[in-house]
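Note: the block below is final12.tsv and it holds TSV, N, CA and C atoms.
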```tsv
chain	number	residue	atom	x	y	z
A	10	MET	N	0.82	-1.19	0.00
A	10	MET	CA	0.00	0.00	0.00
A	10	MET	C	0.87	1.26	0.00
A	11	THR	N	1.99	1.22	0.71
A	11	THR	CA	2.86	2.39	0.73
A	11	THR	C	3.47	2.65	-0.64
A	12	LYS	N	3.69	1.57	-1.41
A	12	LYS	CA	4.21	1.73	-2.76
A	12	LYS	C	3.20	2.49	-3.62
A	13	LEU	N	1.93	2.19	-3.47
A	13	LEU	CA	0.89	2.88	-4.23
A	13	LEU	C	0.81	4.35	-3.83
A	14	ILE	N	0.97	4.65	-2.56
A	14	ILE	CA	0.95	6.04	-2.10
A	14	ILE	C	2.15	6.79	-2.66
A	15	LYS	N	3.31	6.14	-2.72
A	15	LYS	CA	4.50	6.78	-3.31
A	15	LYS	C	4.27	7.07	-4.78
A	16	ILE	N	3.67	6.13	-5.50
A	16	ILE	CA	3.37	6.35	-6.92
A	16	ILE	C	2.41	7.51	-7.09
A	17	LEU	N	1.37	7.54	-6.27
A	17	LEU	CA	0.39	8.61	-6.35
A	17	LEU	C	1.02	9.97	-6.06
A	18	CYS	N	1.84	10.04	-5.03
A	18	CYS	CA	2.50	11.30	-4.68
A	18	CYS	C	3.47	11.75	-5.76
A	19	SER	N	4.21	10.81	-6.33
A	19	SER	CA	5.18	11.20	-7.37
A	19	SER	C	4.47	11.65	-8.64
A	20	THR	N	3.39	10.99	-9.04
A	20	THR	CA	2.69	11.44	-10.25
A	20	THR	C	1.99	12.78	-10.01
A	21	LEU	N	1.47	13.01	-8.81
A	21	LEU	CA	0.88	14.31	-8.52
A	21	LEU	C	1.93	15.42	-8.52
A	22	THR	N	3.13	15.11	-8.03
A	22	THR	CA	4.23	16.07	-8.06
A	22	THR	C	4.64	16.39	-9.49
A	23	ILE	N	4.77	15.35	-10.30
A	23	ILE	CA	5.12	15.54	-11.71
A	23	ILE	C	4.04	16.35	-12.42
A	24	PHE	N	2.78	16.03	-12.14
A	24	PHE	CA	1.65	16.74	-12.73
A	24	PHE	C	1.71	18.23	-12.37
A	25	THR	N	2.00	18.55	-11.12
A	25	THR	CA	2.09	19.94	-10.68
A	25	THR	C	3.24	20.66	-11.37
A	26	ILE	N	4.37	20.02	-11.48
A	26	ILE	CA	5.52	20.63	-12.16
A	26	ILE	C	5.19	20.89	-13.62
A	27	ILE	N	4.55	19.93	-14.27
A	27	ILE	CA	4.20	20.09	-15.68
A	27	ILE	C	3.22	21.25	-15.87
A	28	ILE	N	2.30	21.43	-14.95
A	28	ILE	CA	1.34	22.54	-15.02
A	28	ILE	C	2.10	23.87	-15.02
A	29	PHE	N	3.02	24.04	-14.07
A	29	PHE	CA	3.74	25.31	-13.94
A	29	PHE	C	4.70	25.54	-15.11
A	30	VAL	N	5.41	24.50	-15.53
A	30	VAL	CA	6.34	24.63	-16.65
A	30	VAL	C	5.56	24.88	-17.95
A	31	GLY	N	4.46	24.16	-18.13
A	31	GLY	CA	3.63	24.37	-19.31
A	31	GLY	C	3.06	25.76	-19.37
A	32	ALA	N	2.66	26.30	-18.23
A	32	ALA	CA	2.15	27.67	-18.18
A	32	ALA	C	3.24	28.66	-18.56
A	33	TYR	N	4.45	28.43	-18.09
A	33	TYR	CA	5.56	29.32	-18.42
A	33	TYR	C	5.82	29.34	-19.93
A	34	PHE	N	5.93	28.14	-20.53
A	34	PHE	CA	6.21	28.08	-21.97
A	34	PHE	C	5.04	28.59	-22.81
A	35	THR	N	3.83	28.37	-22.35
A	35	THR	CA	2.67	28.91	-23.05
A	35	THR	C	2.71	30.43	-23.03
A	36	LEU	N	3.01	31.01	-21.89
A	36	LEU	CA	3.09	32.47	-21.80
A	36	LEU	C	4.20	33.01	-22.70
A	37	LYS	N	5.35	32.36	-22.71
A	37	LYS	CA	6.45	32.82	-23.57
A	37	LYS	C	6.07	32.76	-25.04
A	38	CYS	N	5.31	31.76	-25.43
A	38	CYS	CA	4.87	31.62	-26.83
A	38	CYS	C	3.81	32.65	-27.19
A	39	GLU	N	2.96	32.99	-26.24
A	39	GLU	CA	1.82	33.86	-26.52
A	39	GLU	C	2.11	35.35	-26.30
A	40	GLN	N	3.17	35.69	-25.61
A	40	GLN	CA	3.47	37.09	-25.29
A	40	GLN	C	3.65	37.97	-26.52
A	41	THR	N	4.20	37.43	-27.56
A	41	THR	CA	4.54	38.25	-28.73
A	41	THR	C	3.35	38.52	-29.64
A	42	ASP	N	2.27	37.78	-29.51
A	42	ASP	CA	1.11	37.95	-30.38
A	42	ASP	C	0.14	38.95	-29.78
A	43	ALA	N	-0.25	39.94	-30.59
A	43	ALA	CA	-1.16	40.98	-30.10
A	43	ALA	C	-2.58	40.46	-29.89
A	44	SER	N	-2.97	39.44	-30.64
A	44	SER	CA	-4.33	38.91	-30.53
A	44	SER	C	-4.46	37.81	-29.47
A	45	ALA	N	-3.39	37.51	-28.77
A	45	ALA	CA	-3.41	36.44	-27.76
A	45	ALA	C	-4.28	36.84	-26.58
A	46	ASN	N	-5.01	35.88	-26.05
A	46	ASN	CA	-5.81	36.16	-24.86
A	46	ASN	C	-5.14	35.63	-23.59
A	47	ILE	N	-3.97	35.07	-23.71
A	47	ILE	CA	-3.15	34.69	-22.56
A	47	ILE	C	-2.08	35.76	-22.43
A	48	LYS	N	-2.29	36.68	-21.49
A	48	LYS	CA	-1.40	37.83	-21.36
A	48	LYS	C	-0.58	37.83	-20.07
A	49	THR	N	-1.04	37.12	-19.06
A	49	THR	CA	-0.33	37.09	-17.77
A	49	THR	C	-0.02	35.63	-17.42
A	50	TYR	N	0.86	35.47	-16.43
A	50	TYR	CA	1.19	34.12	-15.98
A	50	TYR	C	-0.03	33.45	-15.34
A	51	GLN	N	-0.88	34.25	-14.70
A	51	GLN	CA	-2.10	33.69	-14.09
A	51	GLN	C	-3.02	33.12	-15.17
A	52	ASP	N	-3.15	33.84	-16.30
A	52	ASP	CA	-3.95	33.32	-17.42
A	52	ASP	C	-3.36	32.02	-17.95
A	53	ALA	N	-2.04	32.01	-18.09
A	53	ALA	CA	-1.36	30.82	-18.61
A	53	ALA	C	-1.50	29.65	-17.64
A	54	LEU	N	-1.39	29.93	-16.35
A	54	LEU	CA	-1.54	28.89	-15.34
A	54	LEU	C	-2.96	28.33	-15.35
A	55	TRP	N	-3.94	29.20	-15.45
A	55	TRP	CA	-5.34	28.77	-15.51
A	55	TRP	C	-5.57	27.90	-16.74
A	56	TRP	N	-5.05	28.33	-17.89
A	56	TRP	CA	-5.23	27.54	-19.11
A	56	TRP	C	-4.49	26.21	-18.99
A	57	SER	N	-3.28	26.23	-18.46
A	57	SER	CA	-2.49	25.01	-18.33
A	57	SER	C	-3.18	23.99	-17.43
A	58	LEU	N	-3.73	24.45	-16.34
A	58	LEU	CA	-4.44	23.55	-15.43
A	58	LEU	C	-5.68	22.97	-16.10
A	59	ASN	N	-6.45	23.80	-16.78
A	59	ASN	CA	-7.65	23.32	-17.44
A	59	ASN	C	-7.34	22.40	-18.62
A	60	ALA	N	-6.33	22.74	-19.40
A	60	ALA	CA	-6.00	21.93	-20.57
A	60	ALA	C	-5.51	20.55	-20.17
A	61	SER	N	-4.79	20.46	-19.07
A	61	SER	CA	-4.22	19.17	-18.67
A	61	SER	C	-5.14	18.36	-17.76
A	62	SER	N	-6.31	18.90	-17.44
A	62	SER	CA	-7.22	18.13	-16.59
A	62	SER	C	-8.61	18.02	-17.20
A	63	ILE	N	-9.40	19.09	-17.18
A	63	ILE	CA	-10.78	18.99	-17.65
A	63	ILE	C	-10.96	19.38	-19.10
A	64	GLY	N	-10.05	20.16	-19.64
A	64	GLY	CA	-10.07	20.45	-21.06
A	64	GLY	C	-10.95	21.60	-21.49
A	65	ASP	N	-11.48	22.40	-20.58
A	65	ASP	CA	-12.34	23.50	-20.95
A	65	ASP	C	-11.82	24.78	-20.31
A	66	SER	N	-11.73	25.84	-21.11
A	66	SER	CA	-11.23	27.09	-20.57
A	66	SER	C	-11.68	28.25	-21.45
A	67	ASN	N	-11.78	29.42	-20.85
A	67	ASN	CA	-12.14	30.60	-21.61
A	67	ASN	C	-10.92	31.29	-22.20
A	68	VAL	N	-9.73	30.85	-21.85
A	68	VAL	CA	-8.50	31.33	-22.47
A	68	VAL	C	-7.85	30.15	-23.19
A	69	TYR	N	-7.13	30.45	-24.26
A	69	TYR	CA	-6.52	29.39	-25.07
A	69	TYR	C	-5.40	30.01	-25.90
A	70	PRO	N	-4.43	29.21	-26.30
A	70	PRO	CA	-3.33	29.73	-27.11
A	70	PRO	C	-3.79	29.97	-28.56
A	71	VAL	N	-3.25	31.01	-29.18
A	71	VAL	CA	-3.60	31.31	-30.57
A	71	VAL	C	-2.41	31.14	-31.51
A	72	THR	N	-1.20	31.10	-30.98
A	72	THR	CA	-0.02	30.93	-31.83
A	72	THR	C	0.26	29.45	-32.03
A	73	ILE	N	0.96	29.15	-33.12
A	73	ILE	CA	1.32	27.75	-33.41
A	73	ILE	C	2.21	27.17	-32.31
A	74	PRO	N	3.28	27.86	-31.86
A	74	PRO	CA	4.08	27.28	-30.77
A	74	PRO	C	3.28	27.10	-29.49
A	75	GLY	N	2.37	28.03	-29.20
A	75	GLY	CA	1.52	27.90	-28.01
A	75	GLY	C	0.60	26.69	-28.11
A	76	ARG	N	0.09	26.44	-29.30
A	76	ARG	CA	-0.77	25.27	-29.49
A	76	ARG	C	0.02	23.96	-29.42
A	77	ILE	N	1.26	23.99	-29.85
A	77	ILE	CA	2.11	22.79	-29.73
A	77	ILE	C	2.37	22.48	-28.26
A	78	VAL	N	2.70	23.52	-27.50
A	78	VAL	CA	2.88	23.35	-26.05
A	78	VAL	C	1.58	22.81	-25.45
A	79	GLY	N	0.44	23.36	-25.88
A	79	GLY	CA	-0.86	22.91	-25.40
A	79	GLY	C	-1.13	21.45	-25.70
A	80	ALA	N	-0.75	21.01	-26.89
A	80	ALA	CA	-0.96	19.60	-27.24
A	80	ALA	C	-0.17	18.69	-26.32
A	81	PHE	N	1.08	19.07	-26.03
A	81	PHE	CA	1.88	18.28	-25.09
A	81	PHE	C	1.26	18.28	-23.70
A	82	LEU	N	0.78	19.43	-23.26
A	82	LEU	CA	0.13	19.51	-21.95
A	82	LEU	C	-1.08	18.60	-21.86
A	83	ILE	N	-1.89	18.60	-22.90
A	83	ILE	CA	-3.09	17.78	-22.90
A	83	ILE	C	-2.74	16.29	-22.84
A	84	VAL	N	-1.82	15.86	-23.68
A	84	VAL	CA	-1.45	14.43	-23.71
A	84	VAL	C	-0.81	14.00	-22.40
A	85	ILE	N	0.14	14.77	-21.91
A	85	ILE	CA	0.83	14.41	-20.66
A	85	ILE	C	-0.13	14.50	-19.48
A	86	GLY	N	-0.96	15.53	-19.45
A	86	GLY	CA	-1.92	15.69	-18.34
A	86	GLY	C	-2.90	14.55	-18.26
A	87	TYR	N	-3.46	14.17	-19.41
A	87	TYR	CA	-4.41	13.06	-19.40
A	87	TYR	C	-3.73	11.74	-19.05
A	88	GLY	N	-2.49	11.56	-19.51
A	88	GLY	CA	-1.75	10.35	-19.16
A	88	GLY	C	-1.50	10.25	-17.67
A	89	LEU	N	-1.06	11.35	-17.07
A	89	LEU	CA	-0.81	11.33	-15.62
A	89	LEU	C	-2.10	11.19	-14.83
A	90	PHE	N	-3.17	11.78	-15.33
A	90	PHE	CA	-4.47	11.65	-14.66
A	90	PHE	C	-4.91	10.19	-14.64
A	91	THR	N	-4.74	9.48	-15.76
A	91	THR	CA	-5.14	8.07	-15.79
A	91	THR	C	-4.25	7.22	-14.90
A	92	ILE	N	-2.98	7.58	-14.78
A	92	ILE	CA	-2.09	6.84	-13.87
A	92	ILE	C	-2.59	7.00	-12.44
A	93	ASN	N	-2.98	8.22	-12.06
A	93	ASN	CA	-3.49	8.45	-10.70
A	93	ASN	C	-4.78	7.68	-10.44
A	94	VAL	N	-5.68	7.67	-11.39
A	94	VAL	CA	-6.93	6.92	-11.23
A	94	VAL	C	-6.63	5.42	-11.11
A	95	GLY	N	-5.73	4.93	-11.92
A	95	GLY	CA	-5.34	3.52	-11.85
A	95	GLY	C	-4.68	3.17	-10.53
A	96	THR	N	-3.87	4.07	-10.02
A	96	THR	CA	-3.19	3.84	-8.74
A	96	THR	C	-4.20	3.78	-7.60
A	97	ILE	N	-5.16	4.69	-7.60
A	97	ILE	CA	-6.19	4.68	-6.57
A	97	ILE	C	-7.01	3.39	-6.67
A	98	SER	N	-7.37	2.99	-7.88
A	98	SER	CA	-8.13	1.76	-8.07
A	98	SER	C	-7.35	0.54	-7.61
A	99	ALA	N	-6.07	0.50	-7.94
A	99	ALA	CA	-5.23	-0.63	-7.51
A	99	ALA	C	-5.13	-0.68	-5.99
A	100	GLY	N	-5.06	0.49	-5.36
A	100	GLY	CA	-5.01	0.53	-3.89
A	100	GLY	C	-6.29	0.00	-3.27
A	101	LEU	N	-7.43	0.35	-3.84
A	101	LEU	CA	-8.69	-0.16	-3.32
A	101	LEU	C	-8.82	-1.67	-3.52
A	102	VAL	N	-8.39	-2.16	-4.67
A	102	VAL	CA	-8.42	-3.61	-4.91
A	102	VAL	C	-7.50	-4.32	-3.93
A	103	HIS	N	-6.32	-3.76	-3.74
A	103	HIS	CA	-5.38	-4.35	-2.78
A	103	HIS	C	-5.97	-4.38	-1.38
A	104	LEU	N	-6.64	-3.30	-1.00
A	104	LEU	CA	-7.25	-3.23	0.32
A	104	LEU	C	-8.33	-4.30	0.47
A	105	LEU	N	-9.14	-4.47	-0.55
A	105	LEU	CA	-10.21	-5.47	-0.48
A	105	LEU	C	-9.66	-6.89	-0.47
A	106	LYS	N	-8.55	-7.13	-1.15
A	106	LYS	CA	-7.94	-8.46	-1.12
A	106	LYS	C	-7.32	-8.73	0.25
A	107	GLU	N	-6.76	-7.68	0.84
A	107	GLU	CA	-6.07	-7.82	2.11
A	107	GLU	C	-7.04	-8.08	3.26
A	108	ARG	N	-8.20	-7.53	3.17
A	108	ARG	CA	-9.20	-7.67	4.23
A	108	ARG	C	-10.41	-8.40	3.67
A	109	ASN	N	-11.17	-8.98	4.53
A	109	ASN	CA	-12.40	-9.57	4.04
A	109	ASN	C	-13.44	-8.47	3.86
A	110	LYS	N	-14.57	-8.80	3.30
A	110	LYS	CA	-15.57	-7.80	2.92
A	110	LYS	C	-16.07	-7.00	4.13
A	111	GLU	N	-16.33	-7.66	5.23
A	111	GLU	CA	-16.89	-6.97	6.40
A	111	GLU	C	-15.89	-5.97	6.98
A	112	SER	N	-14.63	-6.37	7.08
A	112	SER	CA	-13.65	-5.45	7.65
A	112	SER	C	-13.37	-4.29	6.70
A	113	ALA	N	-13.48	-4.51	5.39
A	113	ALA	CA	-13.30	-3.42	4.43
A	113	ALA	C	-14.44	-2.42	4.57
A	114	ILE	N	-15.66	-2.90	4.74
A	114	ILE	CA	-16.80	-2.00	4.93
A	114	ILE	C	-16.63	-1.21	6.22
A	115	GLU	N	-16.20	-1.87	7.30
A	115	GLU	CA	-15.96	-1.17	8.56
A	115	GLU	C	-14.87	-0.12	8.40
A	116	PHE	N	-13.84	-0.46	7.65
A	116	PHE	CA	-12.75	0.49	7.42
A	116	PHE	C	-13.27	1.75	6.70
A	117	PHE	N	-14.05	1.56	5.64
A	117	PHE	CA	-14.57	2.71	4.90
A	117	PHE	C	-15.55	3.52	5.74
A	118	GLU	N	-16.32	2.85	6.58
A	118	GLU	CA	-17.24	3.57	7.47
A	118	GLU	C	-16.46	4.42	8.47
A	119	GLU	N	-15.33	3.90	8.95
A	119	GLU	CA	-14.51	4.67	9.86
A	119	GLU	C	-13.86	5.86	9.15
A	120	VAL	N	-13.37	5.64	7.95
A	120	VAL	CA	-12.70	6.70	7.21
A	120	VAL	C	-13.66	7.83	6.87
A	121	PHE	N	-14.85	7.48	6.43
A	121	PHE	CA	-15.80	8.50	5.98
A	121	PHE	C	-16.83	8.85	7.05
A	122	ASP	N	-16.68	8.40	8.26
A	122	ASP	CA	-17.58	8.70	9.38
A	122	ASP	C	-19.04	8.44	9.03
A	123	VAL	N	-19.31	7.30	8.43
A	123	VAL	CA	-20.68	6.98	8.01
A	123	VAL	C	-21.59	6.83	9.22
A	124	LYS	N	-21.11	6.24	10.30
A	124	LYS	CA	-21.96	6.03	11.48
A	124	LYS	C	-22.35	7.35	12.12
A	125	LYS	N	-21.44	8.33	12.15
A	125	LYS	CA	-21.76	9.63	12.74
A	125	LYS	C	-22.77	10.38	11.88
A	126	ARG	N	-22.72	10.20	10.58
A	126	ARG	CA	-23.63	10.90	9.68
A	126	ARG	C	-25.03	10.34	9.76
A	127	ARG	N	-25.14	9.05	10.11
A	127	ARG	CA	-26.46	8.41	10.19
A	127	ARG	C	-27.27	8.91	11.37
A	128	LYS	N	-26.60	9.41	12.40
A	128	LYS	CA	-27.31	9.84	13.63
A	128	LYS	C	-28.02	11.14	13.43
```
Serialized structure, structure tokens:
Amino acid sequence: MTKLIKILCSTLTIFTIIIFVGAYFTLKCEQTDASANIKTYQDALWWSLNASSIGDSNVYPVTIPGRIVGAFLIVIGYGLFTINVGTISAGLVHLLKERNKESAIEFFEEVFDVKKRRK
């Protein structure tokens, strides 16, 4: 289980670094174009986060180099996102194999305070 947590933490760290680096390169590509709607690092960071996770944003790159950076962000972001989902799923399967069904249910009830919410 600790191996899965290490994988999850490392992919989240890589994902965060890629967001910030991608925002930097997107801003550098878009700064020179007068029609660009990414004008500040905050705009670039917002676009980078959206492009690499949910894929919807009101700002977007208009230059060819900016769009190339965006394509890399999208592919890498979705890849890392699927690794994280797979890691979480593998951890849950491992937990269920390690414990029997009743103790797994008790564990999840303790984690999510299901008994306190029922009162």
### Query
How far is it from CA of Asn46 in chain A to CA of Phe29 in chain A, in Å with one decimal?
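Pair CA of Asn46 in chain A / CA of Phe29 in chain A returns 18.1 Å.
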### Query
For Leu54 in chain A, which residue among A:Gly100, A:Ile14, A:Ala32, A:Glu118 is the nearest when counting only N, CA and C atoms?
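For Leu54 in chain A, the nearest of the candidates is A:Ala32.
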#### Entry: Spatial neighbours of Ala45 in chain A, 7 Å, all atoms listed in the file, chain gap at least 6 places, as number ranges by chain
A: 39, 69-72
### Message
Which residues are close to Val68 in chain A, i.e. within 8 Å by all atoms listed in the file, leaving aside same-chain residues fewer than 5 positions away? Reply as a list in words.
### Response
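My list of contacting residues is Asn46, Ile47, Asp52, Ala53, Trp55, Trp56 and Ser57 of chain A.
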### Task
List every protein, DNA or RNA residue that has an atom no more than 7 Å from (-7.4, 15.6, -21.8) in the file's coordinate frame, counting only C-alpha atoms, and report them as a list in words.
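Those residues lying close to the given coordinates are Ala60, Ser61, Ser62, Ile63, Gly64, Ile83, Val84, Gly86 and Tyr87 of chain A.
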### Message
From a backbone DSSP assignment, name each residue in chain A labelled helix (DSSP H, G or I), as a PyMOL selection string.
### Response
chain A and resi 11-39+50-60+73-107+110-120+123-127
### Task
Give me, please, the distance in Å between CA of Thr49 in chain A and atom N of Leu36 in chain A, quoted to one decimal.
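Atom-to-atom, CA of Thr49 in chain A and atom N of Leu36 in chain A are spaced 8.1 Å apart.
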#### Entry: Å distance separating CA of Lys12 in chain A from CA of Glu115 in chain A, one decimal place
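Computing the Euclidean distance for CA of Lys12 in chain A and CA of Glu115 in chain A yields 23.3 Å.
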